[in-house]
Structures are given as C-alpha cells and as structure tokens.
Amino acid sequence: MSTASDSLPPDLAALLAGSLDAPRLAVRIAPPDIRAWLPGNTLPGVWSFAAEAPGPHVVVNALMHGNEIAGAVLLDGWLRAGLRPLRGRLSLVFANLEAYARFDRDDPTASRFLDEDMNRLWDAETLEGGRRSCELRRARVLRPVFDAADIVLDLHSMLWPGEPLLLCGAAPRAAALAQRLGTPGLAVADQGHEGGMRLLDYLPFSAPGGQRTAMLLEAGSHWEPATVAQMQASAARLLRLLGVVAVDHPALAPAAEFAPGRRAEVTRTVTAASHNFSFLRPYRGGHVVARRNTLIALDGEVEIRTPHDDCVMVMPNLRVGRGQTAVRLARFAA
C-alpha cells in the first residue's frame with residue numbers, strides 16, 4: 001500500500017496531462033497460442049477435470065476481457081503441464097475467445113471486448129432477456145459452468161498502475177476467503193458498478209446465506225510479468241488451501257505461507273456524471289489519503305472529496321468517461 005506520492009510511467013503521465021489520446025504501454029508478456037485449447041473438453045474454451053475423491057468444484061476464469069492476457073498465460077501453462085485435481089473438480093475457462101483472437105500487441109487496449117463488457121452481464125434478467133451481443137452469447141454458453149461452481153477465481157489485470165487486490169463483492173464469505181489467501185494482501189468488499197453485474201455479483205455467489213463464492217483478482221498492470229506471477233501465486237494458494245491439487249505439483253508456483261490479508265470496505269463508488277471528470281493528481285490504486293474531506297477530483301464543477309480518514313483509492317480510472325466508475329473509496333475494516 002502506498003501513502004506517499006507515486007510516480008507513473010512517462011506514457012501514462014503524459015496521457016493524464018492530455019498529450020496522448022490513449023495509453024501506449026509495452027506488452028511485456030507474450031500472448032499465448034491457445035488454439036489447442038479452443039475445442040475444450042466440456043464447452044469451447046472450457047477444460048474441466050474431475051477427481052475420484054469428493055471435493056469442491058473450483059473454476060479459474062481468464063480472458064473475461066480479451067486484452068487481459070496474463071490469465072491466459074497462466075491457464076495455458078497449467079494445461080500444458082497436465083494439472084489435474086486430487087479431489088473435487090477443476091475447470092479452466094478461456095472466456096472471451098472472440099475478443100482475444102483480435103488482440104494486437106501494437107494496439108493492446110482495443111480488444112477488451114467486441115460489443116460490450118462481458119463482466120457487466122451477470123444477472124438473470126440480462127442473461128435470459130432478448131438482447132443480443134457477442135459477449136452475451138458467450139456468457140450464455142458459459143453460464144452452466146459457473147452455475148455448477150462452488151468457488152470461482154476470476155483473473156483480471158489493470159490498465160492504470162495499482163497495487164494487486166482481491167475484489168469480493170458484498171458477500172462476507174468471499175471476503176473471508178480472500179483474507180485467508182493472503183496474496184495479494186488486500187481484500188476489498190464493494191457493491192459493484194452501476195453499469196451492470198460482474199461475475200462475482202452473480203446471485204449464486206452473492207446470495208445472503210449461500211455457500212458458493214466468487215472473487216475477482218486484480219493482479220497488477222496489463223501485460224507485465226509481475227502480473228502473471230501474482231496470478232500464479234494467488235491461484236496456487238487457493239488450490240492448495242482447498243486441497244484440490246497436490247501441494248508439490250510442478251505446474252504451481254512454489255508453496256509459500258502468507259499472513260492473513262487486510263480487508264477494506266468500499267464506502268463510496270464515484271461514477272463520473274460529466275465528460276469533464278479529472279483527478280487533481282495521478283493517483284495510483286492502493287494510495288491512502290490520510291485526511292477526511294481532502295479534494296481528490298472534479299466532476300465538472302462538482303468537488304469529489306474523501307469521506308473519511310485513511311481513505312483507500314481503489315482502482316482510480318485516470319481517464320474516465322461519463323457514466324463510468326472513476327474510483328471506489330474504501331475504509332480499512334477493524
């Protein structure tokens with residue numbers, strides 16, 4: 001976590017200053033060739049393996065956004081290494097195949113989705129309604145996989161620099177599991193986005209009194225080796241914690257002990273109400289603003305201030321459009 005001024009890469013600093021039209025970030029990891037995995041053994045792009053011994057059904061999901069390729073690197077490595085469960089079932093999902101097929105290292109932000117954000121579609125009304133899009137079609141295909149899951153780890157990365165974290169939605173059981181993982185060291189409970197429900201908000205995982213759980217891992221910046229390493233550490237820790245795989249399986253990151261993570265609860269989600277939303281400085285995700293009522297942004301002429309002391313900036317979007325989430329403001333839990 002950062003409490004001091006954080007620097008940005010020169011391309012992002014220039015973007016914030018208005019001298020660039022879009023982020024220009026180097027792709028420092030190779031997009032994997034997943035053609036061998038496209039047929040799946042359950043559904044296209046879905047590989048599911050069951051052990052004889054009973055246990056939970058764990059789903060690890062990658063490519064919810066087609067340009068977030070670090071999760072595909074992880075699943076590709078697991079499949080090539082022949083990772084199989086010792087108990088329960090392990091399902092590996094490459095979600096937005098069509099968007100990933102258009103990934104271009106020279107324009108890496110363009111293939112996030114084709115028609116709409118796949119991670120805003122996870123409510124029954126949308127999934128069962130009459131709308132049509134590439135992402136909805138794929139979500140409807142994948143829905144039975146998630147309907148059968150006990151635990152989901154949804155792998156994501158971030159455009160803007162920030163500390164890795166686990167988003168847990170509103171379900172206390174998800175926050176408890178995220179804290180037990182301990183890597184990354186921050187679990188954030190939140191209420192999602194105005195624009196639609198994420199997979200971790202899907203009712204089977206968020207219903208009060210339920211047992212099934214989903215978490216969203218924001219593992220670090222897009223296209224960085226450190227982001228892949230964080231995904232490897234978090235996913236391996238989850239599978240070991242649940243007893244689903246052999247502790248010493250060579251496909252997994254080395255076993256390590258982690259202290260329980262810290263939990264923060266979102267107290268305000270700031271959605272841009274104008275086309276002229278701007279932060280007063282290039283905040284980095286995880287930055288802690290010490291004082292209540294600190295001015296952090298302007299939404300047109302409206303001031304955005306911190307609602308309490310020690311306010312955690314959760315994934316600030318440094319170039320946000322009207323109606324998009326600009327930042328979530330969180331308080332550390334006691």
# chains A, B, ... in the order shown; residues from 1 in each chain; ligands from 1
call {"tool": "closest_atom_pairs", "arguments": {"of": "stretch 242-282 of chain A", "to": "stretch 330-333 of chain A", "cutoff": "10 Å", "atoms": "only C-alpha atoms", "output": "Markdown table"}}
result
| residue | atom | partner | partner_atom | distance |
| --- | --- | --- | --- | --- |
| A:Arg262 | CA | A:Phe332 | CA | 7.6 |
| A:Arg263 | CA | A:Ala333 | CA | 5.6 |
| A:Ala264 | CA | A:Phe332 | CA | 4.1 |
| A:Glu265 | CA | A:Ala330 | CA | 5.1 |
| A:Val266 | CA | A:Ala330 | CA | 3.9 |
| A:Thr267 | CA | A:Ala330 | CA | 5.2 |
| A:Arg268 | CA | A:Ala330 | CA | 7.0 |
| A:Thr269 | CA | A:Ala330 | CA | 8.8 |
call {"tool": "closest_atom_pairs", "arguments": {"of": "stretch 66-173 of chain A", "to": "stretch 307-320 of chain A", "cutoff": "10 Å", "atoms": "only C-alpha atoms", "output": "JSON lines"}}
result
{"residue": "A:Met158", "atom": "CA", "partner": "A:Met315", "partner_atom": "CA", "distance": 8.0}
{"residue": "A:Leu159", "atom": "CA", "partner": "A:Asn317", "partner_atom": "CA", "distance": 8.4}
{"residue": "A:Trp160", "atom": "CA", "partner": "A:Asn317", "partner_atom": "CA", "distance": 6.7}
{"residue": "A:Pro161", "atom": "CA", "partner": "A:Met315", "partner_atom": "CA", "distance": 8.2}
{"residue": "A:Gly162", "atom": "CA", "partner": "A:Met315", "partner_atom": "CA", "distance": 6.6}
{"residue": "A:Glu163", "atom": "CA", "partner": "A:Met315", "partner_atom": "CA", "distance": 8.6}
{"residue": "A:Pro164", "atom": "CA", "partner": "A:Met315", "partner_atom": "CA", "distance": 9.6}
{"residue": "A:Leu165", "atom": "CA", "partner": "A:Val314", "partner_atom": "CA", "distance": 9.0}
{"residue": "A:Leu167", "atom": "CA", "partner": "A:Val314", "partner_atom": "CA", "distance": 9.8}
call {"tool": "residues_around", "arguments": {"residues": "stretch 292-297 of chain A", "least_positions_apart": "4", "cutoff": "7 Å", "atoms": "only C-alpha atoms", "output": "ChimeraX atom specification"}}
result
/A:278-280,303-309
call {"tool": "write_last_selection", "arguments": {"atoms": "C-alpha atoms", "output": "compact mmCIF listing (two decimals), in the first residue's frame"}}
result
# COMPACT_ATOMS: atom_id res chain seq x y z
CA SER A 278 -10.45 14.80 -13.66
CA PHE A 279 -8.32 13.83 -10.69
CA LEU A 280 -6.19 16.52 -9.10
CA GLU A 303 -15.89 18.58 -5.96
CA ILE A 304 -15.08 14.97 -5.04
CA ARG A 305 -13.67 14.69 -1.52
CA THR A 306 -12.62 11.82 0.70
CA PRO A 307 -15.44 10.77 3.06
CA HIS A 308 -13.17 9.68 5.94
CA ASP A 309 -9.60 9.50 7.17
call {"tool": "select_by_dssp", "arguments": {"residues": "stretch 36-177 of chain A", "states": "helix (DSSP H, G or I)", "output": "PyMOL selection string"}}
result
chain A and resi 36-37+70-81+97-101+118-120+124-128+134-147+172-177
call {"tool": "closest_residue", "arguments": {"among": "A:Leu83, A:Val270, A:Ala176, A:Val93", "to": "A:Ala251", "atoms": "only C-alpha atoms"}}
result
A:Leu83
call {"tool": "residues_around", "arguments": {"residues": "A:Arg240", "least_positions_apart": "2", "cutoff": "12 Å", "atoms": "only C-alpha atoms", "output": "PDB file with C-alpha atoms, in the first residue's frame"}}
result
ATOM      1  CA  VAL A  58     -13.221 -24.709  -8.456  1.00  0.00           C
ATOM      2  CA  PRO A  85      -7.247 -32.209  -9.248  1.00  0.00           C
ATOM      3  CA  LEU A  86      -6.677 -34.657  -6.412  1.00  0.00           C
ATOM      4  CA  ARG A  87     -10.215 -34.071  -5.156  1.00  0.00           C
ATOM      5  CA  ARG A 180      -7.315 -16.381   4.164  1.00  0.00           C
ATOM      6  CA  LEU A 181      -5.465 -16.417   0.851  1.00  0.00           C
ATOM      7  CA  ALA A 233       0.794 -17.173  -6.543  1.00  0.00           C
ATOM      8  CA  SER A 234      -2.867 -16.427  -5.793  1.00  0.00           C
ATOM      9  CA  ALA A 235      -4.315 -19.285  -7.847  1.00  0.00           C
ATOM     10  CA  ALA A 236      -1.832 -21.827  -6.483  1.00  0.00           C
ATOM     11  CA  ARG A 237      -2.540 -20.670  -2.932  1.00  0.00           C
ATOM     12  CA  LEU A 238      -6.294 -21.086  -3.484  1.00  0.00           C
ATOM     13  CA  LEU A 242      -8.848 -26.035  -0.679  1.00  0.00           C
ATOM     14  CA  GLY A 243      -6.869 -29.259  -1.007  1.00  0.00           C
ATOM     15  CA  VAL A 244      -7.815 -29.547  -4.679  1.00  0.00           C
ATOM     16  CA  VAL A 245      -4.309 -30.207  -6.074  1.00  0.00           C
ATOM     17  CA  ALA A 246      -1.069 -31.764  -4.947  1.00  0.00           C
ATOM     18  CA  VAL A 247       0.912 -29.257  -2.896  1.00  0.00           C
ATOM     19  CA  ASP A 248       4.100 -30.009  -4.825  1.00  0.00           C
ATOM     20  CA  HIS A 249       2.664 -30.141  -8.349  1.00  0.00           C
ATOM     21  CA  LEU A 252       2.070 -24.494  -9.492  1.00  0.00           C
ATOM     22  CA  ALA A 253       4.036 -21.603  -8.096  1.00  0.00           C
ATOM     23  CA  PRO A 254       6.201 -22.688  -5.160  1.00  0.00           C
ATOM     24  CA  ALA A 255       4.308 -23.125  -1.918  1.00  0.00           C
ATOM     25  CA  ALA A 256       4.589 -20.213   0.486  1.00  0.00           C
ATOM     26  CA  GLU A 257       2.994 -19.019   3.696  1.00  0.00           C
TER      27      GLU A 257
END
call {"tool": "closest_residue", "arguments": {"among": "A:Leu153, A:Ala226, A:Leu199, A:Ala259", "to": "A:Leu186", "atoms": "only C-alpha atoms"}}
result
A:Ala259
call {"tool": "closest_residue", "arguments": {"among": "A:Val145, A:Leu136, A:Asp190, A:Ala272", "to": "A:Val60", "atoms": "only C-alpha atoms"}}
result
A:Val145
call {"tool": "closest_residue", "arguments": {"among": "A:Leu239, A:Ala174, A:Leu63, A:Val27", "to": "A:Asp154", "atoms": "only C-alpha atoms"}}
result
A:Leu63
